[in-house]
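Structure data follow from structure.cif (mmCIF, N, CA and C atoms and all ligand atoms):
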```
data_upload
loop_
_atom_site.label_atom_id
_atom_site.label_comp_id
_atom_site.auth_asym_id
_atom_site.auth_seq_id
_atom_site.Cartn_x
_atom_site.Cartn_y
_atom_site.Cartn_z
N MET A 3 -11.90 24.27 -16.10
CA MET A 3 -10.79 23.71 -15.32
C MET A 3 -10.85 24.24 -13.89
N GLN A 4 -10.66 23.34 -12.96
CA GLN A 4 -10.69 23.71 -11.55
C GLN A 4 -9.47 24.55 -11.19
N HIS A 5 -9.69 25.58 -10.41
CA HIS A 5 -8.58 26.43 -9.95
C HIS A 5 -8.74 26.63 -8.45
N ARG A 6 -7.67 26.37 -7.72
CA ARG A 6 -7.72 26.56 -6.28
C ARG A 6 -6.46 27.29 -5.82
N GLU A 7 -6.59 28.02 -4.71
CA GLU A 7 -5.44 28.73 -4.15
C GLU A 7 -5.35 28.48 -2.66
N GLY A 8 -4.12 28.55 -2.17
CA GLY A 8 -3.92 28.39 -0.74
C GLY A 8 -2.57 28.93 -0.32
N GLY A 9 -2.23 28.69 0.91
CA GLY A 9 -0.94 29.15 1.42
C GLY A 9 -0.81 28.85 2.89
N CYS A 10 0.32 29.25 3.43
CA CYS A 10 0.60 28.99 4.84
C CYS A 10 -0.09 30.02 5.72
N LEU A 11 0.05 29.85 7.00
CA LEU A 11 -0.63 30.72 7.95
C LEU A 11 -0.15 32.17 7.85
N CYS A 12 1.15 32.38 7.68
CA CYS A 12 1.68 33.76 7.67
C CYS A 12 1.64 34.41 6.29
N GLY A 13 1.44 33.61 5.23
CA GLY A 13 1.36 34.18 3.89
C GLY A 13 2.68 34.22 3.14
N ALA A 14 3.76 33.77 3.74
CA ALA A 14 5.07 33.78 3.06
C ALA A 14 5.09 32.77 1.91
N VAL A 15 4.32 31.71 2.04
CA VAL A 15 4.21 30.70 0.98
C VAL A 15 2.78 30.71 0.45
N ARG A 16 2.65 30.91 -0.87
CA ARG A 16 1.34 30.88 -1.52
C ARG A 16 1.43 29.90 -2.69
N TYR A 17 0.30 29.28 -3.01
CA TYR A 17 0.33 28.36 -4.16
C TYR A 17 -0.99 28.39 -4.89
N GLU A 18 -0.93 27.88 -6.12
CA GLU A 18 -2.07 27.78 -6.99
C GLU A 18 -2.14 26.35 -7.51
N LEU A 19 -3.32 25.76 -7.53
CA LEU A 19 -3.53 24.46 -8.15
C LEU A 19 -4.30 24.71 -9.43
N LYS A 20 -3.69 24.40 -10.57
CA LYS A 20 -4.27 24.83 -11.84
C LYS A 20 -5.21 23.80 -12.47
N GLY A 21 -5.01 22.54 -12.16
CA GLY A 21 -5.80 21.52 -12.85
C GLY A 21 -6.72 20.76 -11.92
N GLU A 22 -7.32 19.71 -12.45
CA GLU A 22 -8.17 18.85 -11.64
C GLU A 22 -7.32 18.09 -10.62
N LEU A 23 -7.88 17.87 -9.45
CA LEU A 23 -7.20 17.07 -8.44
C LEU A 23 -7.17 15.61 -8.92
N GLN A 24 -6.09 14.92 -8.58
CA GLN A 24 -5.96 13.51 -8.96
C GLN A 24 -6.49 12.58 -7.88
N GLY A 25 -6.82 13.15 -6.73
CA GLY A 25 -7.34 12.34 -5.65
C GLY A 25 -7.28 13.10 -4.34
N ALA A 26 -7.90 12.53 -3.31
CA ALA A 26 -7.92 13.17 -1.99
C ALA A 26 -8.01 12.06 -0.95
N ALA A 27 -7.11 12.10 0.02
CA ALA A 27 -7.05 11.01 1.00
C ALA A 27 -6.77 11.54 2.41
N LEU A 28 -7.41 10.91 3.36
CA LEU A 28 -7.02 11.14 4.75
C LEU A 28 -5.90 10.14 5.07
N CYS A 29 -4.85 10.64 5.71
CA CYS A 29 -3.77 9.74 6.12
C CYS A 29 -3.65 9.77 7.64
N HIS A 30 -3.78 8.58 8.23
CA HIS A 30 -3.73 8.45 9.69
C HIS A 30 -2.36 7.97 10.17
N CYS A 31 -1.33 8.01 9.32
CA CYS A 31 -0.04 7.48 9.75
C CYS A 31 0.53 8.35 10.88
N THR A 32 1.40 7.76 11.69
CA THR A 32 1.90 8.48 12.86
C THR A 32 2.74 9.69 12.46
N HIS A 33 3.34 9.65 11.26
CA HIS A 33 4.16 10.78 10.82
C HIS A 33 3.28 11.96 10.43
N CYS A 34 2.15 11.69 9.78
CA CYS A 34 1.20 12.77 9.47
C CYS A 34 0.61 13.33 10.77
N GLN A 35 0.40 12.46 11.75
CA GLN A 35 -0.10 12.94 13.04
C GLN A 35 0.91 13.87 13.69
N LYS A 36 2.17 13.46 13.70
CA LYS A 36 3.22 14.30 14.29
C LYS A 36 3.34 15.63 13.56
N GLN A 37 3.43 15.54 12.22
CA GLN A 37 3.70 16.76 11.47
C GLN A 37 2.53 17.74 11.55
N SER A 38 1.30 17.20 11.55
CA SER A 38 0.14 18.10 11.58
C SER A 38 -0.20 18.52 13.00
N GLY A 39 0.30 17.77 13.99
CA GLY A 39 -0.10 18.04 15.37
C GLY A 39 -1.55 17.71 15.60
N SER A 40 -2.10 16.87 14.72
CA SER A 40 -3.52 16.54 14.81
C SER A 40 -3.71 15.04 14.61
N ALA A 41 -4.96 14.60 14.45
CA ALA A 41 -5.25 13.18 14.40
C ALA A 41 -4.92 12.55 13.05
N PHE A 42 -4.91 13.36 11.99
CA PHE A 42 -4.66 12.83 10.63
C PHE A 42 -4.35 14.02 9.74
N SER A 43 -3.91 13.73 8.52
CA SER A 43 -3.79 14.81 7.55
C SER A 43 -4.71 14.53 6.37
N PHE A 44 -5.12 15.59 5.71
CA PHE A 44 -5.99 15.51 4.54
C PHE A 44 -5.15 15.96 3.35
N ASN A 45 -4.78 14.98 2.52
CA ASN A 45 -3.84 15.24 1.43
C ASN A 45 -4.54 15.23 0.07
N LEU A 46 -4.21 16.21 -0.75
CA LEU A 46 -4.72 16.29 -2.12
C LEU A 46 -3.64 15.84 -3.08
N PHE A 47 -3.97 14.93 -3.97
CA PHE A 47 -3.02 14.47 -4.98
C PHE A 47 -3.10 15.42 -6.17
N VAL A 48 -1.98 16.10 -6.44
CA VAL A 48 -1.95 17.12 -7.48
C VAL A 48 -0.78 16.82 -8.42
N SER A 49 -1.01 16.90 -9.72
CA SER A 49 0.10 16.76 -10.66
C SER A 49 1.09 17.89 -10.42
N GLU A 50 2.37 17.57 -10.41
CA GLU A 50 3.40 18.57 -10.16
C GLU A 50 3.27 19.74 -11.14
N ALA A 51 2.87 19.42 -12.38
CA ALA A 51 2.73 20.45 -13.42
C ALA A 51 1.59 21.42 -13.10
N ASP A 52 0.66 21.00 -12.27
CA ASP A 52 -0.50 21.85 -11.92
C ASP A 52 -0.26 22.66 -10.66
N TYR A 53 0.91 22.48 -10.03
CA TYR A 53 1.21 23.14 -8.76
C TYR A 53 2.20 24.29 -8.99
N VAL A 54 1.77 25.51 -8.66
CA VAL A 54 2.63 26.69 -8.82
C VAL A 54 2.77 27.37 -7.47
N GLN A 55 4.00 27.55 -7.03
CA GLN A 55 4.25 28.10 -5.68
C GLN A 55 5.01 29.42 -5.74
N GLN A 56 4.60 30.35 -4.90
CA GLN A 56 5.39 31.56 -4.66
C GLN A 56 5.91 31.51 -3.22
N GLY A 57 7.15 31.88 -3.04
CA GLY A 57 7.76 31.80 -1.71
C GLY A 57 8.40 30.44 -1.53
N ASP A 58 9.38 30.36 -0.65
CA ASP A 58 10.13 29.12 -0.49
C ASP A 58 9.69 28.34 0.74
N THR A 59 9.68 27.02 0.56
CA THR A 59 9.45 26.15 1.70
C THR A 59 10.78 25.59 2.17
N LYS A 60 10.86 25.23 3.43
CA LYS A 60 11.92 24.35 3.89
C LYS A 60 11.37 22.94 3.81
N PHE A 61 12.26 21.94 3.88
CA PHE A 61 11.71 20.59 3.90
C PHE A 61 12.49 19.70 4.85
N TYR A 62 11.78 18.71 5.32
CA TYR A 62 12.34 17.70 6.19
C TYR A 62 12.30 16.37 5.44
N VAL A 63 13.44 15.69 5.39
CA VAL A 63 13.47 14.38 4.73
C VAL A 63 13.05 13.34 5.76
N ASP A 64 11.89 12.80 5.53
CA ASP A 64 11.28 11.90 6.50
C ASP A 64 11.36 10.46 6.00
N THR A 65 11.44 9.51 6.90
CA THR A 65 11.27 8.11 6.56
C THR A 65 9.96 7.67 7.17
N GLY A 66 8.98 7.43 6.33
CA GLY A 66 7.60 7.22 6.77
C GLY A 66 7.37 5.86 7.40
N ASP A 67 6.15 5.65 7.86
CA ASP A 67 5.74 4.36 8.41
C ASP A 67 5.96 3.25 7.39
N SER A 68 5.94 3.61 6.12
CA SER A 68 6.15 2.65 5.04
C SER A 68 7.61 2.25 4.92
N GLY A 69 8.52 3.02 5.58
CA GLY A 69 9.94 2.77 5.45
C GLY A 69 10.58 3.54 4.31
N LYS A 70 9.75 4.20 3.49
CA LYS A 70 10.26 4.97 2.35
C LYS A 70 10.47 6.43 2.74
N GLN A 71 11.38 7.09 2.01
CA GLN A 71 11.64 8.50 2.29
C GLN A 71 10.60 9.38 1.62
N SER A 72 10.29 10.48 2.28
CA SER A 72 9.45 11.49 1.67
C SER A 72 9.98 12.85 2.10
N TYR A 73 9.60 13.86 1.34
CA TYR A 73 10.09 15.22 1.58
C TYR A 73 8.92 16.07 2.03
N ARG A 74 8.95 16.44 3.30
CA ARG A 74 7.83 17.18 3.87
C ARG A 74 8.15 18.67 3.88
N HIS A 75 7.50 19.39 3.00
CA HIS A 75 7.76 20.83 2.85
C HIS A 75 6.85 21.65 3.76
N PHE A 76 7.46 22.66 4.37
CA PHE A 76 6.70 23.51 5.30
C PHE A 76 7.21 24.94 5.21
N CYS A 77 6.44 25.88 5.71
CA CYS A 77 6.86 27.27 5.76
C CYS A 77 7.89 27.44 6.87
N GLY A 78 9.07 27.95 6.52
CA GLY A 78 10.13 28.14 7.50
C GLY A 78 9.84 29.26 8.48
N ASN A 79 8.85 30.08 8.17
CA ASN A 79 8.52 31.19 9.05
C ASN A 79 7.44 30.83 10.07
N CYS A 80 6.32 30.26 9.59
CA CYS A 80 5.21 29.97 10.51
C CYS A 80 5.05 28.48 10.79
N GLY A 81 5.73 27.62 10.03
CA GLY A 81 5.68 26.19 10.30
C GLY A 81 4.53 25.43 9.69
N SER A 82 3.66 26.09 8.94
CA SER A 82 2.54 25.36 8.33
C SER A 82 3.07 24.28 7.39
N PRO A 83 2.59 23.04 7.51
CA PRO A 83 2.94 22.02 6.52
C PRO A 83 2.21 22.33 5.22
N ILE A 84 2.93 22.30 4.10
CA ILE A 84 2.34 22.69 2.81
C ILE A 84 2.13 21.48 1.90
N LEU A 85 3.17 20.69 1.72
CA LEU A 85 3.05 19.55 0.81
C LEU A 85 4.10 18.51 1.12
N THR A 86 3.88 17.33 0.57
CA THR A 86 4.84 16.23 0.67
C THR A 86 5.16 15.74 -0.73
N LYS A 87 6.45 15.49 -0.98
CA LYS A 87 6.86 14.84 -2.22
C LYS A 87 7.35 13.44 -1.86
N ASP A 88 6.75 12.47 -2.53
CA ASP A 88 7.04 11.07 -2.26
C ASP A 88 7.63 10.47 -3.53
N PRO A 89 8.91 10.03 -3.49
CA PRO A 89 9.52 9.45 -4.68
C PRO A 89 8.72 8.27 -5.25
N GLY A 90 7.88 7.66 -4.42
CA GLY A 90 7.04 6.57 -4.90
C GLY A 90 5.87 7.06 -5.75
N LEU A 91 5.65 8.36 -5.75
CA LEU A 91 4.59 8.96 -6.56
C LEU A 91 5.21 10.04 -7.46
N PRO A 92 5.97 9.61 -8.47
CA PRO A 92 6.68 10.58 -9.31
C PRO A 92 5.69 11.48 -10.07
N GLY A 93 6.05 12.76 -10.19
CA GLY A 93 5.21 13.70 -10.93
C GLY A 93 4.03 14.20 -10.13
N MET A 94 3.98 13.82 -8.84
CA MET A 94 2.82 14.16 -8.02
C MET A 94 3.28 14.91 -6.77
N VAL A 95 2.49 15.85 -6.30
CA VAL A 95 2.72 16.43 -4.98
C VAL A 95 1.46 16.19 -4.15
N LEU A 96 1.66 15.99 -2.84
CA LEU A 96 0.55 15.79 -1.93
C LEU A 96 0.38 17.07 -1.12
N VAL A 97 -0.64 17.84 -1.45
CA VAL A 97 -0.85 19.14 -0.84
C VAL A 97 -1.76 19.00 0.37
N LYS A 98 -1.40 19.64 1.47
CA LYS A 98 -2.21 19.59 2.69
C LYS A 98 -3.47 20.43 2.49
N ALA A 99 -4.61 19.76 2.45
CA ALA A 99 -5.86 20.43 2.10
C ALA A 99 -6.23 21.55 3.06
N GLY A 100 -5.78 21.43 4.30
CA GLY A 100 -6.10 22.45 5.30
C GLY A 100 -5.45 23.80 5.02
N THR A 101 -4.49 23.83 4.07
CA THR A 101 -3.86 25.11 3.72
C THR A 101 -4.58 25.83 2.59
N LEU A 102 -5.60 25.19 2.00
CA LEU A 102 -6.38 25.88 0.97
C LEU A 102 -7.13 27.05 1.60
N ASP A 103 -7.23 28.13 0.85
CA ASP A 103 -8.06 29.24 1.32
C ASP A 103 -9.52 28.76 1.38
N ILE A 104 -10.28 29.32 2.31
CA ILE A 104 -11.62 28.83 2.60
C ILE A 104 -12.53 28.83 1.37
N GLU A 105 -12.37 29.82 0.50
CA GLU A 105 -13.25 29.92 -0.67
C GLU A 105 -12.90 28.92 -1.77
N TYR A 106 -11.81 28.16 -1.59
CA TYR A 106 -11.39 27.19 -2.61
C TYR A 106 -11.55 25.75 -2.13
N ARG A 107 -12.37 25.54 -1.12
CA ARG A 107 -12.52 24.19 -0.57
C ARG A 107 -13.75 23.46 -1.08
N GLU A 108 -14.51 24.13 -1.93
CA GLU A 108 -15.76 23.55 -2.40
C GLU A 108 -15.52 22.24 -3.15
N GLY A 109 -16.36 21.26 -2.89
CA GLY A 109 -16.28 19.99 -3.60
C GLY A 109 -15.21 19.05 -3.09
N LEU A 110 -14.45 19.49 -2.10
CA LEU A 110 -13.41 18.61 -1.57
C LEU A 110 -14.01 17.55 -0.69
N ARG A 111 -13.55 16.32 -0.90
CA ARG A 111 -14.02 15.21 -0.09
C ARG A 111 -13.02 14.07 -0.23
N PRO A 112 -12.61 13.48 0.89
CA PRO A 112 -11.65 12.37 0.75
C PRO A 112 -12.30 11.16 0.10
N GLN A 113 -11.56 10.50 -0.80
CA GLN A 113 -12.06 9.27 -1.44
C GLN A 113 -11.51 8.04 -0.74
N MET A 114 -10.41 8.22 -0.03
CA MET A 114 -9.85 7.08 0.69
C MET A 114 -9.25 7.51 2.02
N GLU A 115 -9.14 6.53 2.91
CA GLU A 115 -8.43 6.73 4.17
C GLU A 115 -7.36 5.66 4.24
N ILE A 116 -6.13 6.12 4.54
CA ILE A 116 -5.02 5.16 4.61
C ILE A 116 -4.42 5.14 6.01
N TYR A 117 -3.74 4.06 6.30
CA TYR A 117 -3.18 3.81 7.64
C TYR A 117 -4.27 3.88 8.72
N THR A 118 -5.41 3.25 8.40
CA THR A 118 -6.50 3.24 9.38
C THR A 118 -6.13 2.44 10.63
N ASP A 119 -5.09 1.57 10.51
CA ASP A 119 -4.66 0.84 11.71
C ASP A 119 -3.99 1.76 12.74
N ARG A 120 -3.66 2.99 12.32
CA ARG A 120 -3.07 3.96 13.23
C ARG A 120 -4.09 5.06 13.63
N ALA A 121 -5.30 4.95 13.12
CA ALA A 121 -6.29 6.02 13.32
C ALA A 121 -6.70 6.11 14.79
N ALA A 122 -6.99 7.32 15.23
CA ALA A 122 -7.49 7.52 16.59
C ALA A 122 -8.76 6.69 16.80
N LYS A 123 -8.82 6.00 17.95
CA LYS A 123 -9.94 5.07 18.20
C LYS A 123 -11.29 5.79 18.32
N TRP A 124 -11.27 7.08 18.68
CA TRP A 124 -12.51 7.83 18.87
C TRP A 124 -13.05 8.41 17.57
N LEU A 125 -12.30 8.20 16.48
CA LEU A 125 -12.64 8.86 15.22
C LEU A 125 -13.35 7.89 14.29
N ALA A 126 -14.55 8.28 13.79
CA ALA A 126 -15.30 7.44 12.85
C ALA A 126 -14.75 7.60 11.44
N ARG A 127 -14.89 6.54 10.64
CA ARG A 127 -14.47 6.65 9.24
C ARG A 127 -15.46 7.53 8.49
N VAL A 128 -14.99 8.19 7.45
CA VAL A 128 -15.86 9.02 6.60
C VAL A 128 -16.66 8.09 5.70
N PRO A 129 -18.01 8.19 5.71
CA PRO A 129 -18.81 7.28 4.88
C PRO A 129 -18.42 7.38 3.40
N GLY A 130 -18.35 6.23 2.75
CA GLY A 130 -18.08 6.22 1.31
C GLY A 130 -16.62 6.20 0.93
N THR A 131 -15.72 6.27 1.90
CA THR A 131 -14.30 6.24 1.56
C THR A 131 -13.83 4.80 1.43
N GLN A 132 -12.81 4.62 0.59
CA GLN A 132 -12.12 3.34 0.49
C GLN A 132 -11.11 3.28 1.63
N LEU A 133 -11.09 2.17 2.34
CA LEU A 133 -10.25 2.09 3.54
C LEU A 133 -9.05 1.16 3.31
N PHE A 134 -7.89 1.61 3.79
CA PHE A 134 -6.68 0.79 3.73
C PHE A 134 -6.02 0.81 5.10
N GLU A 135 -5.70 -0.37 5.62
CA GLU A 135 -5.05 -0.44 6.92
C GLU A 135 -3.68 0.20 6.87
N ARG A 136 -2.98 0.06 5.74
CA ARG A 136 -1.70 0.73 5.50
C ARG A 136 -1.90 1.56 4.23
N SER A 137 -0.90 1.53 3.34
CA SER A 137 -1.11 2.30 2.12
C SER A 137 -1.67 1.39 1.03
N PRO A 138 -2.33 1.95 0.02
CA PRO A 138 -2.98 1.14 -1.01
C PRO A 138 -1.99 0.27 -1.80
ZN ZN B 1 4.25 30.97 6.74
#
```
The structure given in the file should be rewritten as structure tokens.
Ligand SMILES: [Zn+2]
Amino acid sequence: MQHREGGCLCGAVRYELKGELQGAALCHCTHCQKQSGSAFSFNLFVSEADYVQQGDTKFYVDTGDSGKQSYRHFCGNCGSPILTKDPGLPGMVLVKAGTLDIEYREGLRPQMEIYTDRAAKWLARVPGTQLFERSP
């Protein structure tokens, strides 16, 4: 069974992923761009039952490009985005892959890219990914 660990920049929030990942996607939506302060976010689909967290996150209730609400959890101390809970994906958490510790990133690769219509024009698509102009 795959085991991965990660946490925020300051270490106040730590987590463990106990099972196999359910998927991995780059999201180019403008909300992921804002929240990450970067061109896109790299999200891991994890069963809620496989996600174990120590330390508390704060969350922001966001209304995404899709018009649906999502809960964006982050470290209240250092501001690192940790995960998103989307009521449209019950039982699942979307963990920000960039918060994984470096030794737990092996084998990670996005399978899809979503909201490519919002993607930075200078950025090439990752070969082999399934592409969606919005969400699948
Ligand atoms: Zn922190």
### Task
Have a look at atom N of Gln4 in chain A and atom N of Leu85 in chain A and let me know their distance in Å, one decimal.
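Atom N of Leu85 in chain A lies 20.3 Å from atom N of Gln4 in chain A.
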### Task
May I have the residues within 8 Å of Cys80 in chain A as a list in words, using all atoms listed in the file and disregarding those fewer than 6 positions away in the same chain?
Cys10, Leu11, Cys12, Gly13, Ala14 and Val15 of chain A
### Non-local contacts of Gln71 in chain A (9 Å; only C-alpha atoms; under 6 positions in same chain excluded) as a count of residues only
6
### Atom-to-atom span, CA of Ala26 in chain A and CA of Val54 in chain A, Å
18.5 Å
Please produce, as CSV, a per-residue contact table for chain A versus ligand ZN 1 (chain B) (criterion: any atom at most 12 Å away, only C-alpha atoms and all ligand atoms considered), showing the nearest atom pair and its distance in Å to one decimal, sorted by chain then residue number.
```
residue,atom,partner,partner_atom,distance
A:Gly8,CA,B:ZN1,ZN,11.4
A:Gly9,CA,B:ZN1,ZN,7.7
A:Cys10,CA,B:ZN1,ZN,4.6
A:Leu11,CA,B:ZN1,ZN,5.0
A:Cys12,CA,B:ZN1,ZN,3.9
A:Gly13,CA,B:ZN1,ZN,5.2
A:Ala14,CA,B:ZN1,ZN,4.7
A:Val15,CA,B:ZN1,ZN,5.8
A:Arg16,CA,B:ZN1,ZN,8.8
A:Tyr17,CA,B:ZN1,ZN,11.9
A:Gln56,CA,B:ZN1,ZN,11.5
A:Gly57,CA,B:ZN1,ZN,9.2
A:Asp58,CA,B:ZN1,ZN,9.5
A:Thr59,CA,B:ZN1,ZN,8.7
A:Lys60,CA,B:ZN1,ZN,10.5
A:His75,CA,B:ZN1,ZN,11.4
A:Phe76,CA,B:ZN1,ZN,8.0
A:Cys77,CA,B:ZN1,ZN,4.6
A:Gly78,CA,B:ZN1,ZN,6.6
A:Asn79,CA,B:ZN1,ZN,4.9
A:Cys80,CA,B:ZN1,ZN,4.0
A:Gly81,CA,B:ZN1,ZN,6.1
A:Ser82,CA,B:ZN1,ZN,6.1
A:Pro83,CA,B:ZN1,ZN,9.0
A:Ile84,CA,B:ZN1,ZN,9.4
A:Thr101,CA,B:ZN1,ZN,10.5
```
### Query
Suppose you want the space between atom N of Leu46 in chain A and atom N of Leu23 in chain A; what is it in Å?
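That distance, rounded to one decimal, is 9.6 Å.
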### Message
Among chain A, which ones does DSSP assign to strand (DSSP E) (computed from the backbone)? Answer as a ChimeraX atom specification.
### Response
/A:6-9,16-19,25-29,43-49,53-56,59-65,71-77,83-87,94-98,114-116,132-133
### Best match for closeness to Glu105 in chain A among A:Pro129, A:Tyr73, A:His5, A:Gly66, counting only C-alpha atoms
A:His5
### Task
Could you give me the residues within range 10-55 of chain A that DSSP places in helix (DSSP H, G or I), as a ChimeraX atom specification?
/A:32-38,50-52
